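Data from coords36.cif: mmCIF, C-alpha atoms and all ligand atoms
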data_coords
loop_
_atom_site.label_atom_id
_atom_site.label_comp_id
_atom_site.auth_asym_id
_atom_site.auth_seq_id
_atom_site.Cartn_x
_atom_site.Cartn_y
_atom_site.Cartn_z
CA MET A 283 0.00 0.00 0.00
CA PRO A 284 1.56 3.30 -1.04
CA PHE A 285 1.98 6.12 1.48
CA LEU A 286 0.29 8.44 -1.01
CA ASP A 287 -1.01 8.05 -4.57
CA LEU A 288 -1.60 11.41 -6.25
CA THR A 289 -2.70 9.85 -9.54
CA ARG A 290 -6.07 8.93 -7.99
CA GLN A 291 -6.98 12.57 -7.34
CA HIS A 292 -5.83 13.63 -10.77
CA ARG A 293 -7.70 10.82 -12.52
CA ARG A 294 -10.94 11.97 -10.95
CA LEU A 295 -10.37 15.59 -11.92
CA ALA A 296 -8.67 14.88 -15.26
CA HIS A 297 -11.30 16.59 -17.41
CA GLU A 298 -11.48 19.76 -15.36
CA ILE A 299 -7.71 19.97 -14.94
CA GLU A 300 -7.00 19.47 -18.60
CA ALA A 301 -9.62 22.06 -19.56
CA ALA A 302 -8.08 24.54 -17.11
CA ILE A 303 -4.60 23.98 -18.51
CA SER A 304 -5.62 24.29 -22.14
CA GLY A 305 -7.55 27.46 -21.33
CA VAL A 306 -4.30 29.02 -20.12
CA VAL A 307 -2.36 27.79 -23.13
CA ARG A 308 -4.97 29.25 -25.48
CA ARG A 309 -4.98 32.59 -23.67
CA GLY A 310 -1.20 32.86 -23.84
CA VAL A 311 -0.66 34.62 -20.48
CA PHE A 312 1.57 32.51 -18.24
CA VAL A 313 2.62 34.42 -15.11
CA ILE A 314 0.51 36.64 -12.84
CA GLY A 315 -2.52 36.92 -15.11
CA PRO A 316 -6.26 36.45 -14.69
CA GLU A 317 -6.06 32.92 -13.25
CA VAL A 318 -3.69 34.05 -10.50
CA ALA A 319 -5.92 37.04 -9.71
CA ALA A 320 -9.03 34.83 -9.57
CA PHE A 321 -7.29 32.21 -7.46
CA GLU A 322 -6.02 34.86 -5.03
CA GLU A 323 -9.54 36.14 -4.59
CA GLU A 324 -10.99 32.66 -4.12
CA PHE A 325 -8.28 31.52 -1.73
CA ALA A 326 -8.59 34.72 0.33
CA ARG A 327 -12.32 34.14 0.60
CA TYR A 328 -11.72 30.49 1.53
CA VAL A 329 -9.51 31.33 4.50
CA GLY A 330 -11.44 34.48 5.40
CA ALA A 331 -8.57 36.88 4.70
CA ARG A 332 -8.85 40.24 2.92
CA PHE A 333 -5.85 39.55 0.68
CA ALA A 334 -3.95 36.65 -0.84
CA VAL A 335 -0.74 36.98 -2.85
CA GLY A 336 0.35 34.05 -5.02
CA VAL A 337 4.07 33.22 -4.94
CA GLY A 338 6.45 30.56 -6.19
CA SER A 339 6.49 28.12 -3.25
CA GLY A 340 5.78 27.74 0.45
CA THR A 341 9.39 28.57 1.25
CA GLU A 342 9.08 31.77 -0.76
CA ALA A 343 5.77 32.60 0.93
CA LEU A 344 7.56 32.50 4.30
CA HIS A 345 10.61 34.38 3.02
CA LEU A 346 8.55 37.20 1.47
CA ALA A 347 6.14 37.35 4.43
CA LEU A 348 9.10 37.90 6.74
CA ARG A 349 10.52 40.58 4.47
CA ALA A 350 7.09 42.22 4.26
CA CYS A 351 7.25 42.46 8.07
CA GLY A 352 10.46 44.44 7.68
CA VAL A 353 12.79 41.63 8.79
CA ARG A 354 16.38 42.50 7.95
CA PRO A 355 19.80 40.89 8.36
CA GLY A 356 20.67 40.83 12.07
CA ASP A 357 17.06 40.42 13.17
CA GLU A 358 15.82 37.29 14.89
CA VAL A 359 12.85 35.10 14.13
CA VAL A 360 11.67 32.63 16.76
CA THR A 361 10.51 29.29 15.37
CA VAL A 362 10.77 25.53 15.90
CA SER A 363 13.37 22.93 15.00
CA HIS A 364 10.82 20.12 14.69
CA THR A 365 9.55 21.19 11.25
CA ALA A 366 10.36 20.96 7.56
CA VAL A 367 13.83 22.39 6.90
CA ALA A 368 12.03 24.86 4.60
CA THR A 369 10.76 26.85 7.62
CA VAL A 370 14.27 27.57 8.83
CA ALA A 371 15.65 28.02 5.30
CA ALA A 372 13.03 30.73 4.71
CA VAL A 373 14.10 32.58 7.85
CA GLU A 374 17.69 32.62 6.61
CA LEU A 375 16.60 33.78 3.14
CA SER A 376 15.21 36.88 4.82
CA GLY A 377 18.63 37.50 6.36
CA ALA A 378 17.41 36.90 9.91
CA ARG A 379 18.86 34.48 12.42
CA PRO A 380 16.56 31.57 13.29
CA VAL A 381 16.14 31.24 17.06
CA LEU A 382 14.91 27.72 17.62
CA VAL A 383 12.71 26.70 20.52
CA ASP A 384 11.32 23.37 21.60
CA VAL A 385 7.86 22.00 20.94
CA ASP A 386 5.20 21.08 23.45
CA PRO A 387 5.49 17.28 23.55
CA ALA A 388 1.70 16.90 23.74
CA THR A 389 1.07 18.63 20.40
CA CYS A 390 4.45 18.72 18.61
CA THR A 391 3.88 22.44 17.95
CA ILE A 392 5.71 25.47 19.34
CA ASP A 393 5.76 25.82 23.13
CA PRO A 394 4.58 29.40 23.79
CA ALA A 395 6.26 29.53 27.23
CA LEU A 396 9.61 28.96 25.52
CA VAL A 397 8.91 31.64 22.94
CA GLU A 398 8.74 34.22 25.70
CA ARG A 399 12.18 33.20 27.00
CA ALA A 400 13.74 33.27 23.52
CA ILE A 401 12.81 36.90 22.83
CA SER A 402 15.67 39.40 22.60
CA PRO A 403 15.83 43.05 21.53
CA ARG A 404 16.53 41.82 17.97
CA THR A 405 13.43 39.61 17.73
CA LYS A 406 10.99 40.77 15.05
CA VAL A 407 8.72 37.82 14.33
CA VAL A 408 7.36 34.65 15.91
CA LEU A 409 6.83 31.90 13.34
CA PRO A 410 4.62 29.05 14.61
CA VAL A 411 4.19 25.98 12.37
CA HIS A 412 0.83 24.21 12.22
CA LEU A 413 2.67 20.92 11.91
CA TYR A 414 0.89 17.86 10.53
CA GLY A 415 -2.19 20.10 10.02
CA THR A 416 -2.69 20.73 13.74
CA PRO A 417 -3.02 24.42 14.63
CA ALA A 418 -0.43 25.61 17.13
CA ASP A 419 -1.55 27.12 20.45
CA MET A 420 -2.19 30.46 18.77
CA SER A 421 -3.92 32.31 21.59
CA SER A 422 -0.79 31.92 23.75
CA VAL A 423 1.56 32.70 20.84
CA LEU A 424 -0.43 35.82 19.96
CA SER A 425 -0.49 37.09 23.52
CA VAL A 426 3.28 36.66 23.89
CA ALA A 427 3.78 38.45 20.56
CA MET A 428 1.42 41.24 21.55
CA ARG A 429 3.18 41.83 24.86
CA HIS A 430 6.51 42.21 23.05
CA GLY A 431 5.29 44.06 19.94
CA LEU A 432 6.22 41.23 17.56
CA ARG A 433 4.67 40.16 14.28
CA VAL A 434 3.31 36.63 13.90
CA VAL A 435 3.77 34.74 10.62
CA GLU A 436 1.98 31.38 10.45
CA ASP A 437 3.52 28.45 8.57
CA CYS A 438 0.31 26.91 7.18
CA ALA A 439 2.07 24.69 4.62
CA GLN A 440 0.53 21.56 6.19
CA ALA A 441 -2.75 23.04 7.36
CA HIS A 442 -4.91 24.28 4.46
CA GLY A 443 -8.44 24.53 5.83
CA ALA A 444 -7.61 23.77 9.48
CA ARG A 445 -9.55 25.85 11.98
CA TYR A 446 -8.69 27.38 15.32
CA GLY A 447 -11.39 29.02 17.43
CA GLY A 448 -13.71 28.78 14.41
CA ARG A 449 -11.36 30.66 12.08
CA ARG A 450 -9.13 29.19 9.42
CA VAL A 451 -5.39 29.21 9.93
CA GLY A 452 -3.75 31.91 7.86
CA VAL A 453 -5.79 34.73 9.39
CA LEU A 454 -4.76 34.27 13.03
CA GLY A 455 -1.41 36.04 12.86
CA ASP A 456 -0.29 38.98 10.71
CA LEU A 457 0.40 36.81 7.68
CA GLY A 458 -0.30 33.19 6.71
CA CYS A 459 1.98 31.21 4.40
CA PHE A 460 0.82 28.22 2.39
CA SER A 461 2.60 25.77 0.09
CA PHE A 462 1.03 24.08 -2.91
CA TYR A 463 3.74 21.46 -3.24
CA PRO A 464 1.94 18.51 -4.88
CA THR A 465 1.61 16.39 -1.71
CA LYS A 466 -0.01 19.10 0.46
CA ASN A 467 -3.74 19.15 1.29
CA LEU A 468 -4.11 21.53 -1.65
CA GLY A 469 -1.42 20.68 -4.18
CA ALA A 470 -0.45 22.10 -7.56
CA LEU A 471 1.11 20.14 -10.42
CA GLY A 472 4.44 21.64 -9.49
CA ASP A 473 5.54 24.36 -7.07
CA GLY A 474 3.40 27.19 -5.77
CA GLY A 475 2.52 29.11 -2.62
CA VAL A 476 0.41 31.94 -1.28
CA ILE A 477 0.55 34.58 1.44
CA THR A 478 -2.66 35.63 3.20
CA THR A 479 -3.23 38.74 5.30
CA ASP A 480 -5.86 41.27 6.37
CA ASP A 481 -3.34 44.11 6.32
CA PRO A 482 -3.30 46.11 3.04
CA VAL A 483 0.23 47.41 3.68
CA LEU A 484 1.66 43.92 4.23
CA ALA A 485 -0.24 42.62 1.19
CA GLU A 486 1.19 45.41 -0.96
CA GLN A 487 4.72 44.71 0.31
CA ALA A 488 4.34 41.01 -0.51
CA ARG A 489 3.08 41.93 -3.99
CA LEU A 490 6.07 44.18 -4.63
CA LEU A 491 8.59 41.69 -3.27
CA ARG A 492 7.41 38.80 -5.45
CA GLN A 493 8.31 40.64 -8.64
CA TYR A 494 11.50 42.74 -8.54
CA GLY A 495 9.92 45.32 -6.25
CA TRP A 496 7.95 46.61 -9.22
CA ARG A 497 5.20 49.12 -8.48
CA GLU A 498 4.66 49.08 -12.20
CA ARG A 499 6.60 47.42 -14.98
CA TYR A 500 10.32 48.37 -14.81
CA VAL A 501 9.84 50.65 -11.79
CA SER A 502 11.35 49.07 -8.66
CA VAL A 503 10.48 50.75 -5.37
CA VAL A 504 11.92 48.05 -3.10
CA ARG A 505 14.52 45.33 -3.63
CA GLY A 506 12.41 42.37 -4.61
CA SER A 507 12.96 38.99 -6.14
CA ASN A 508 11.25 36.67 -8.59
CA SER A 509 8.74 34.45 -6.85
CA ARG A 510 5.61 34.29 -8.95
CA LEU A 511 2.75 31.84 -9.15
CA ASP A 512 2.17 30.82 -12.73
CA GLU A 513 -1.14 30.79 -14.53
CA ILE A 514 -1.26 27.04 -15.16
CA GLN A 515 -0.77 26.27 -11.48
CA ALA A 516 -3.36 28.88 -10.47
CA ALA A 517 -5.88 27.44 -12.94
CA VAL A 518 -5.33 23.93 -11.54
CA LEU A 519 -5.53 25.18 -7.96
CA ARG A 520 -8.87 26.87 -8.71
CA VAL A 521 -10.26 23.50 -9.77
CA LYS A 522 -8.88 21.75 -6.70
CA LEU A 523 -9.83 24.42 -4.15
CA ARG A 524 -13.50 23.57 -4.73
CA HIS A 525 -12.81 20.08 -3.35
CA LEU A 526 -10.59 21.00 -0.41
CA ASP A 527 -13.29 20.97 2.27
CA ALA A 528 -14.64 17.58 1.16
CA TRP A 529 -11.10 16.19 1.09
CA ASN A 530 -10.45 17.45 4.61
CA VAL A 531 -13.69 15.88 5.84
CA ARG A 532 -12.49 12.56 4.41
CA ARG A 533 -9.09 13.03 6.08
CA ARG A 534 -10.80 13.54 9.45
CA GLU A 535 -12.94 10.47 8.91
CA LEU A 536 -9.86 8.35 8.21
CA ALA A 537 -8.04 9.85 11.18
CA LYS A 538 -10.93 8.91 13.46
CA ARG A 539 -10.70 5.28 12.32
CA TYR A 540 -7.03 5.19 13.19
CA VAL A 541 -7.58 6.84 16.58
CA ASP A 542 -10.31 4.31 17.39
CA ALA A 543 -8.13 1.41 16.27
CA LEU A 544 -5.24 2.55 18.45
CA GLY A 545 -7.49 2.77 21.51
CA GLY A 546 -5.28 5.34 23.22
CA GLY A 547 -2.33 2.98 23.75
CA THR A 548 -0.01 4.94 21.51
CA TRP A 549 0.35 8.71 21.38
CA VAL A 550 -1.94 10.24 18.80
CA PRO A 551 -1.95 13.90 17.85
CA ALA A 552 -3.32 16.21 20.52
CA ALA A 553 -4.81 19.50 19.32
CA PRO A 554 -5.81 22.67 21.20
CA ALA A 555 -9.42 22.42 22.43
CA SER A 556 -10.84 24.85 19.86
CA ALA A 557 -8.88 23.44 16.93
CA GLU A 558 -10.05 21.44 13.95
CA PRO A 559 -6.93 19.88 12.42
CA ALA A 560 -6.57 19.31 8.67
CA TYR A 561 -4.70 15.98 9.06
CA HIS A 562 -2.11 16.63 6.42
CA LEU A 563 -0.30 13.77 8.12
CA PHE A 564 -1.54 11.23 10.62
CA VAL A 565 1.31 10.79 13.04
CA VAL A 566 1.59 8.36 15.93
CA ARG A 567 4.36 8.35 18.46
CA THR A 568 5.80 5.33 20.20
CA ASP A 569 9.11 4.35 21.78
CA ARG A 570 8.90 1.26 19.58
CA ARG A 571 8.64 3.29 16.38
CA ASP A 572 11.08 1.25 14.31
CA GLU A 573 9.34 -1.97 15.39
CA LEU A 574 5.95 -0.54 14.41
CA ARG A 575 7.37 0.58 11.10
CA ASP A 576 8.68 -2.94 10.38
CA PHE A 577 5.42 -4.50 11.58
CA LEU A 578 3.45 -2.38 9.10
CA ALA A 579 5.98 -2.88 6.30
CA ASP A 580 5.61 -6.67 6.72
CA GLN A 581 1.93 -6.18 5.89
CA GLY A 582 2.76 -4.08 2.87
CA ILE A 583 1.88 -0.74 4.53
CA SER A 584 4.26 2.12 3.69
CA THR A 585 5.05 4.76 6.30
CA LEU A 586 7.30 7.83 6.51
CA ILE A 587 8.96 9.80 9.29
CA HIS A 588 8.31 13.54 9.60
CA TYR A 589 11.04 14.30 10.44
CA PRO A 590 13.87 11.93 11.31
CA LEU A 591 16.29 14.67 12.39
CA PRO A 592 15.33 18.08 13.80
CA VAL A 593 16.76 21.02 11.91
CA HIS A 594 19.19 21.99 14.69
CA LEU A 595 20.93 18.60 14.39
CA GLN A 596 21.17 18.67 10.59
CA GLU A 597 24.72 18.94 9.30
CA ALA A 598 23.91 22.16 7.41
CA TYR A 599 22.65 23.90 10.55
CA ARG A 600 25.28 22.83 13.10
CA ASP A 601 26.72 26.33 13.18
CA LEU A 602 23.46 27.69 14.58
CA GLY A 603 24.98 26.45 17.82
CA TYR A 604 22.36 24.07 19.17
CA GLY A 605 23.96 20.77 20.12
CA PRO A 606 22.30 17.46 20.92
CA GLY A 607 20.18 17.72 24.07
CA THR A 608 19.38 21.42 23.65
CA LEU A 609 15.81 20.85 22.36
CA PRO A 610 14.82 17.60 24.07
CA ALA A 611 11.15 17.40 23.05
CA SER A 612 12.07 17.97 19.38
CA GLU A 613 14.77 15.32 19.57
CA ALA A 614 12.40 12.87 21.29
CA ALA A 615 9.78 13.50 18.60
CA ALA A 616 12.27 12.75 15.82
CA GLY A 617 13.02 9.38 17.43
CA THR A 618 9.40 8.34 18.02
CA VAL A 619 7.07 9.74 15.33
CA LEU A 620 5.67 7.69 12.47
CA SER A 621 3.35 8.94 9.69
CA LEU A 622 0.71 6.49 8.44
CA PRO A 623 -0.88 6.54 4.99
CA LEU A 624 -3.80 8.99 5.05
CA TYR A 625 -5.13 10.87 2.04
CA PRO A 626 -8.65 11.51 0.77
CA GLU A 627 -8.56 9.01 -2.11
CA MET A 628 -7.59 6.10 0.13
CA THR A 629 -10.24 3.41 -0.13
CA ASP A 630 -12.24 2.18 2.86
CA GLU A 631 -10.57 -1.21 2.39
CA GLU A 632 -7.11 0.32 2.60
CA ALA A 633 -8.08 2.27 5.71
CA GLU A 634 -9.46 -0.94 7.25
CA THR A 635 -6.20 -2.71 6.53
CA VAL A 636 -4.21 0.01 8.29
CA ALA A 637 -6.69 0.25 11.18
CA GLY A 638 -6.69 -3.54 11.60
CA ALA A 639 -2.91 -3.62 11.75
CA LEU A 640 -2.87 -0.78 14.30
CA ALA A 641 -5.45 -2.58 16.46
CA ARG A 642 -3.35 -5.77 16.41
CA TRP A 643 -0.24 -3.79 17.23
CA SER A 644 -1.78 -1.93 20.15
CA ARG A 645 -3.22 -5.16 21.63
CA ALA A 646 0.12 -6.99 21.31
C1 LIG B 1 6.12 21.98 2.59
C2 LIG B 1 6.49 22.84 3.72
C3 LIG B 1 7.14 24.08 3.52
C4 LIG B 1 7.73 24.51 2.22
O1 LIG B 1 6.91 24.53 1.13
P1 LIG B 1 7.53 24.43 -0.36
O2 LIG B 1 6.38 24.77 -1.21
O3 LIG B 1 8.01 23.02 -0.52
O4 LIG B 1 8.63 25.42 -0.46
C5 LIG B 1 7.33 24.89 4.62
N1 LIG B 1 6.94 24.53 5.84
C6 LIG B 1 6.35 23.33 6.07
C7 LIG B 1 5.94 23.00 7.46
C8 LIG B 1 6.12 22.45 5.02
O5 LIG B 1 5.54 21.27 5.27
#
Written form, C-alpha cells:
Amino acid sequence: MPFLDLTRQHRRLAHEIEAAISGVVRRGVFVIGPEVAAFEEEFARYVGARFAVGVGSGTEALHLALRACGVRPGDEVVTVSHTAVATVAAVELSGARPVLVDVDPATCTIDPALVERAISPRTKVVLPVHLYGTPADMSSVLSVAMRHGLRVVEDCAQAHGARYGGRRVGVLGDLGCFSFYPTKNLGALGDGGVITTDDPVLAEQARLLRQYGWRERYVSVVRGSNSRLDEIQAAVLRVKLRHLDAWNVRRRELAKRYVDALGGGTWVPAAPASAEPAYHLFVVRTDRRDELRDFLADQGISTLIHYPLPVHLQEAYRDLGYGPGTLPASEAAAGTVLSLPLYPEMTDEEAETVAGALARWSRA
C-alpha cells in the first residue's frame, strides 16, 4: 500500500484539470494573469482573509512574508526545529537568524512559554508551524507576541483549511503562508505558494517583493525577487480548491478510524481544544517506532517519518549552535514519530487494513 497516490486525485479531476490547462495555453498569459488574480480572490475568501498573494512556493511565501514584516539581516525570528527544513531556510533567506525553541510534547507544535524566554531586543517575528495540520496554540503565541510588539507569521504549509477558534489558519497572525507542493492538502502540479493577510500594507509589500519590487513594470520601489505563481498552477488550484473541504472531511474520517483502532495505547496527535486539524499527516508516536514501522511494512503498509532529524541537528545547521540535548522534546519526537498513509482518495478497504494492523499492534 503506497503512502500516497496522487494519480487517484488527478484521474478523478482529469477533465477539469485538462480544460483549465488548455484554457491558459490558449490565452497565452503565463505568469501573474487572470487565473492568478481569480485564485487569489478565491483563496482569500476560503480562509477568510482580505488579501492573498500568489508566490512561487511555500518557502518563498515565508521568506517574502518575513521581508514584508520588515525583517532585515541581524534580526531574529523565533521558530521551531521540529519542522520541515524549509521553515528555517526561509528565515535565513530573509537575512534573519533563526532562534529555535522546543515543541510542546503533547502537540508537537511550538511551546509558547519557551517563545517568551527566547525573545531578545533583535526579535521581530514569531513563526509558529501548524505541523501535521494541527493548529499551534495560537492564543498563547499571539499574547506573547502582543506583549513584546512582535509580528506573527503562520507556517500553514501543512494546514490548508484547518480551523482554530472557528477561524481558518492563515488569518490568526499577521500573515499566513501556504505551500502548494503537490503532496499538500491543496497541491499544484508543481511548485506554488500563497501569502494571506488582512493588512493592506503587508499585502502590498508582498506583492512588490514577489516581482522585482515593481510598483509598475520596470519601476522598482523596493529590492524584490522573482517568486511568482504561474497561470497554469493557479488554474489547476482553482479546480482543486472547490474540493478541499470535502477532502479534509475525508481526512478527518480516516483519522478517526485510526484513533479508534489505536485505543489510546499509543500517542496520537493532541490538538488545542478549539482546533479542527486538517490531518495533512496522521502521526503516531511510540518508543517502539522502528518496530511498528517494520510490523506495518511486513503487511505491505508504507510509512514515513516527519522528520527523522530536527533542523538543529542537521549537518547544514550545526553552526546555529544548538547541540544534541538542547531541544529535548524535538529530539524525542524525531526518534518516536511515524506517519501512516492517510489521504482523501484512500479506499475504505485500505483504511481498514491500516486500522486492523494498528489494532493488532496496540493489543500486542
Ligand atoms: C512543505 C512545507 C514548507 C515549504 O513549502 P515548499 O512549497 O516546498 O517550499 C514549509 N513549511 C512546512 C511545514 C512544510 O511542510
Taking only C-alpha atoms and all ligand atoms into account, report as a VMD selection string which residues have an atom no farther than 10 Å from an atom of ligand LIG 1 (chain B). chain A and resid 337 to 345 364 to 372 410 to 415 436 to 441 459 to 466 469 to 470 472 to 476 562 to 563 588
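For the atom pair formed by CA of Leu382 (chain A) and CA of Ala611 (chain A), the distance is 12.3 Å, given to one decimal.
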With only C-alpha atoms as the basis for distance, which of A:Leu624, A:Ile583, A:Val353, A:Leu375 is at the shortest distance from Lys538 (chain A)? A:Leu624
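Considering all atoms listed in the file, the residue among A:Val521, A:Ala614, A:Val426, A:Ala418 positioned nearest to Leu295 (chain A) is A:Val521.
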Using all atoms listed in the file, which residues sit within 12 Å of region 494-498 of chain A once same-chain residues fewer than 3 positions away are excluded, as a ChimeraX atom specification? /A:346,349-350,486-491,501-510
